[in-house]
Amino acid sequence: MDIKQLDNKKIPKHIAVIMDGNGRWARKRGLKREFGHREGKKAVKKIVEACAELKIPNLTLFAFSTENWKRPKLEIDFLMKLLFLSLKDELNNLNKNNIKFNTIGFIEKLPKSIYNFLIKVKNDTKHNTRMNLTLALNYGGRNEIVDVVKSISDKVKNNIISLKKIDESLINSHLYTSNLPEVDLLIRTSGEKRVSNFLLWQIAYSELYFTKILWPDFNKKDLLKAISSFQKRERRFGKTSEQI
Ligand code: IPE
Ligand code: IPE
Ligand code: MG
């Protein structure tokens, strides 16, 4: 699979990825799960660069879910440390590659030093224009919907908006992803065929792509394959094939 085989006119505007399988990648090699996460970090770098090169304007990566707090404390601590070091390592590269960094999820609950650094990376990259890279951290789709309900209810209660004004576009504008277009393609690695509480509202009409490849092994060639599969599909959005 080569870049030239893709249709330039059908490049997805927003790709979201559930990066799964780090633990199994390590276990297969008789290593601790941490090694899988470290290898997974390298895959993140490769895929971010490949997406920028392919002119994908929006890439959203699921890095830590609201449910991942249930993991052993040692693993959580390791993931947090890895996140911190990765951000430090990559800040210059983000700017060099003109990539704007953002997060979705309740990052206030992350360790203070990481929270502060996330704010710095967002701030230092906010004028970049080539691609939006969004990291989902302490993110849960149901949690996001609860937040939307709360903020809209509060506005209704205080007569800022009327009940009649609540529609899909108002809800969209209150999501964490309000600045992003629809998710065109959702990729999940590692063979699991589930959504695990990621972007529930946003993937209503996304094309889903599941691959058995474990996240640390997922590379540019696999990304091209996923995009190629996306380009072959007919997105009907409820219409008939003849109407498209
Ligand atoms: C994905 O890999 C990374 C995170 C969820 C943080 P996993 O750690 O879930 O790997 P598996 O699913 O156990 O193989
Ligand atoms: C989903 O993976 C979360 C991330 C990739 C960050 P999990 O490994 O946590 O999902 P489940 O538990 O297998 O559904
Ligand atoms: Mg997993």
# chains A, B, ... in the order shown; residues from 1 in each chain; ligands from 1
$ residues_near_ligand --ligand "ligand 3" --cutoff "7 Å" --atoms "only C-alpha atoms and all ligand atoms" --output "PDB file with N, CA, C and O atoms, in the first residue's frame"
ATOM      1  N   ASP A  20      -5.335   0.367  21.031  1.00  0.00           N
ATOM      2  CA  ASP A  20      -5.464  -0.729  21.997  1.00  0.00           C
ATOM      3  C   ASP A  20      -4.481  -1.858  21.691  1.00  0.00           C
ATOM      4  O   ASP A  20      -4.136  -2.092  20.535  1.00  0.00           O
ATOM      5  N   GLY A  21      -4.042  -2.543  22.739  1.00  0.00           N
ATOM      6  CA  GLY A  21      -3.223  -3.746  22.556  1.00  0.00           C
ATOM      7  C   GLY A  21      -1.790  -3.639  23.063  1.00  0.00           C
ATOM      8  O   GLY A  21      -0.992  -4.553  22.838  1.00  0.00           O
ATOM      9  N   GLY A  23      -0.660  -3.876  26.131  1.00  0.00           N
ATOM     10  CA  GLY A  23      -0.393  -4.906  27.140  1.00  0.00           C
ATOM     11  C   GLY A  23      -0.143  -6.264  26.488  1.00  0.00           C
ATOM     12  O   GLY A  23       0.788  -6.984  26.835  1.00  0.00           O
TER      13      GLY A  23
END
$ residues_around --residues "Asp77 (chain A)" --least-positions-apart "2" --cutoff "12 Å" --atoms "only C-alpha atoms" --output "ChimeraX atom specification"
/A:34,37,68-69,71-75,79-84,110-111,114
$ write_last_selection --atoms "C-alpha atoms" --output "compact mmCIF listing (two decimals), in the first residue's frame"
# COMPACT_ATOMS: atom_id res chain seq x y z
CA GLU A 34 4.97 -1.08 30.60
CA HIS A 37 3.09 1.29 26.50
CA ASN A 68 -8.64 3.13 32.98
CA TRP A 69 -8.39 4.45 36.59
CA ARG A 71 -6.05 -0.43 36.51
CA PRO A 72 -3.27 -1.18 39.01
CA LYS A 73 -1.82 2.01 40.47
CA LEU A 74 1.67 1.17 39.24
CA GLU A 75 0.47 0.98 35.64
CA LEU A 79 1.25 5.87 31.95
CA MET A 80 1.18 9.33 33.53
CA LYS A 81 4.96 9.52 33.61
CA LEU A 82 5.15 8.38 30.00
CA LEU A 83 2.61 11.02 28.99
CA PHE A 84 4.59 13.75 30.73
CA LEU A 110 -4.59 14.23 36.20
CA PRO A 111 -1.49 14.89 38.35
CA ILE A 114 0.91 16.96 33.88
$ residues_around --residues "Tyr139 (chain A)" --least-positions-apart "2" --cutoff "7 Å" --atoms "only C-alpha atoms" --output "ChimeraX atom specification"
/A:64-66,104-106,136-137,141
$ write_last_selection --atoms "N, CA and C atoms" --output "mmCIF file, in the first residue's frame"
data_model
loop_
_atom_site.group_PDB
_atom_site.id
_atom_site.type_symbol
_atom_site.label_atom_id
_atom_site.label_comp_id
_atom_site.auth_asym_id
_atom_site.auth_seq_id
_atom_site.Cartn_x
_atom_site.Cartn_y
_atom_site.Cartn_z
ATOM 1 N N PHE A 64 -6.366 7.613 27.403
ATOM 2 C CA PHE A 64 -6.686 7.160 28.763
ATOM 3 C C PHE A 64 -8.170 7.401 29.026
ATOM 4 N N SER A 65 -8.877 6.324 29.350
ATOM 5 C CA SER A 65 -10.333 6.451 29.523
ATOM 6 C C SER A 65 -10.687 6.671 30.993
ATOM 7 N N THR A 66 -11.918 7.096 31.215
ATOM 8 C CA THR A 66 -12.391 7.271 32.595
ATOM 9 C C THR A 66 -12.375 5.929 33.340
ATOM 10 N N ILE A 104 -9.305 16.309 25.043
ATOM 11 C CA ILE A 104 -10.701 16.199 25.463
ATOM 12 C C ILE A 104 -10.714 15.288 26.688
ATOM 13 N N GLY A 105 -11.640 15.533 27.596
ATOM 14 C CA GLY A 105 -11.683 14.754 28.838
ATOM 15 C C GLY A 105 -11.364 15.655 30.015
ATOM 16 N N PHE A 106 -11.580 15.103 31.203
ATOM 17 C CA PHE A 106 -11.446 15.900 32.423
ATOM 18 C C PHE A 106 -9.992 15.863 32.908
ATOM 19 N N ALA A 136 -7.408 12.221 23.899
ATOM 20 C CA ALA A 136 -8.487 11.991 24.857
ATOM 21 C C ALA A 136 -7.869 11.429 26.140
ATOM 22 N N LEU A 137 -7.948 12.215 27.191
ATOM 23 C CA LEU A 137 -7.303 11.871 28.464
ATOM 24 C C LEU A 137 -8.312 11.957 29.586
ATOM 25 N N GLY A 141 -17.156 8.904 26.938
ATOM 26 C CA GLY A 141 -18.237 9.459 26.128
ATOM 27 C C GLY A 141 -19.491 9.739 26.940
#
$ residues_around --residues "Glu108 (chain A)" --least-positions-apart "5" --cutoff "12 Å" --atoms "only C-alpha atoms" --output "number ranges by chain"
A: 103, 113-119, 137-139
$ select_by_dssp --residues "region 130-160 of chain A" --states "strand (DSSP E)" --output "JSON, numbers by chain"
{"A": [131, 132, 133, 134, 135, 136, 137, 138, 139]}
$ write_last_selection --atoms "N, CA, C and O atoms" --output "CSV table (one decimal), in the first residue's frame"
chain,number,residue,atom,x,y,z
A,131,MET,N,-2.6,20.7,11.4
A,131,MET,CA,-3.4,19.6,11.8
A,131,MET,C,-3.8,19.8,13.3
A,131,MET,O,-3.0,20.3,14.1
A,132,ASN,N,-5.0,19.4,13.6
A,132,ASN,CA,-5.4,19.4,15.1
A,132,ASN,C,-5.2,18.0,15.6
A,132,ASN,O,-5.8,17.0,15.1
A,133,LEU,N,-4.3,17.9,16.6
A,133,LEU,CA,-4.1,16.6,17.3
A,133,LEU,C,-4.8,16.7,18.6
A,133,LEU,O,-4.4,17.6,19.5
A,134,THR,N,-5.7,15.9,18.8
A,134,THR,CA,-6.5,15.9,20.1
A,134,THR,C,-6.3,14.6,20.8
A,134,THR,O,-6.5,13.5,20.3
A,135,LEU,N,-5.8,14.7,22.1
A,135,LEU,CA,-5.6,13.5,22.9
A,135,LEU,C,-6.8,13.4,23.9
A,135,LEU,O,-7.1,14.4,24.6
A,136,ALA,N,-7.4,12.2,23.9
A,136,ALA,CA,-8.5,12.0,24.9
A,136,ALA,C,-7.9,11.4,26.1
A,136,ALA,O,-7.3,10.3,26.1
A,137,LEU,N,-7.9,12.2,27.2
A,137,LEU,CA,-7.3,11.9,28.5
A,137,LEU,C,-8.3,12.0,29.6
A,137,LEU,O,-9.0,13.0,29.7
A,138,ASN,N,-8.4,10.9,30.4
A,138,ASN,CA,-9.5,10.8,31.3
A,138,ASN,C,-10.8,11.2,30.6
A,138,ASN,O,-11.6,12.0,31.1
A,139,TYR,N,-11.0,10.6,29.5
A,139,TYR,CA,-12.2,10.8,28.6
A,139,TYR,C,-13.1,9.7,28.7
A,139,TYR,O,-12.7,8.5,28.7
$ residues_around --residues "Ile171 (chain A)" --least-positions-apart "3" --cutoff "12 Å" --atoms "only C-alpha atoms" --output "JSON, numbers by chain"
{"A": [144, 145, 146, 147, 148, 149, 150, 151, 152, 153, 165, 166, 167, 168, 174, 175, 176, 177, 178, 201, 202]}
$ select_by_dssp --residues "region 39-240 of chain A" --states "helix (DSSP H, G or I)" --output "PyMOL selection string"
chain A and resi 39-53+66-70+73-96+107-109+112-124+141-157+163-165+168-174+215-217+220-232
$ closest_residue --among "A:Lys55, A:Arg33, A:Lys239, A:Lys28" --to "ligand 2" --atoms "only C-alpha atoms and all ligand atoms"
A:Arg33
$ closest_residue --among "A:Glu39, A:Lys122, A:Ile187, A:Ile47" --to "Ser206 (chain A)" --atoms "only C-alpha atoms"
A:Ile187
$ residues_around --residues "Lys4 (chain A)" --least-positions-apart "5" --cutoff "12 Å" --atoms "only C-alpha atoms" --output "list in words"
Leu54, Leu224 and Ser228 of chain A
$ write_last_selection --atoms "N, CA, C and O atoms" --output "PDB file, in the first residue's frame"
ATOM      1  N   LEU A  54      -0.197  13.046   5.221  1.00  0.00           N
ATOM      2  CA  LEU A  54      -1.356  12.725   4.374  1.00  0.00           C
ATOM      3  C   LEU A  54      -2.394  13.849   4.324  1.00  0.00           C
ATOM      4  O   LEU A  54      -3.442  13.706   3.709  1.00  0.00           O
ATOM      5  N   LEU A 224      -2.600   3.538   5.939  1.00  0.00           N
ATOM      6  CA  LEU A 224      -2.988   3.678   4.528  1.00  0.00           C
ATOM      7  C   LEU A 224      -4.057   2.653   4.165  1.00  0.00           C
ATOM      8  O   LEU A 224      -5.023   2.962   3.454  1.00  0.00           O
ATOM      9  N   SER A 228      -7.673   3.473   2.825  1.00  0.00           N
ATOM     10  CA  SER A 228      -8.077   2.904   1.552  1.00  0.00           C
ATOM     11  C   SER A 228      -9.430   2.189   1.703  1.00  0.00           C
ATOM     12  O   SER A 228     -10.323   2.320   0.851  1.00  0.00           O
TER      13      SER A 228
END
$ residues_around --residues "Cys51 (chain A)" --least-positions-apart "6" --cutoff "9 Å" --atoms "only C-alpha atoms" --output "list in words"
Ile15, Pro57, Asn58, Leu59, Met131, Lys220 and Leu223 of chain A
$ atom_distance --atom1 "CA of Leu199 (chain A)" --atom2 "atom 9 (O, counted along the ligand's line) of ligand 1"
17.0 Å
$ atom_distance --atom1 "CA of Asn128 (chain A)" --atom2 "CA of Lys100 (chain A)"
4.9 Å
$ closest_residue --among "A:Lys70, A:Arg130, A:Lys46, A:Lys164" --to "ligand 2" --atoms "only C-alpha atoms and all ligand atoms"
A:Lys70
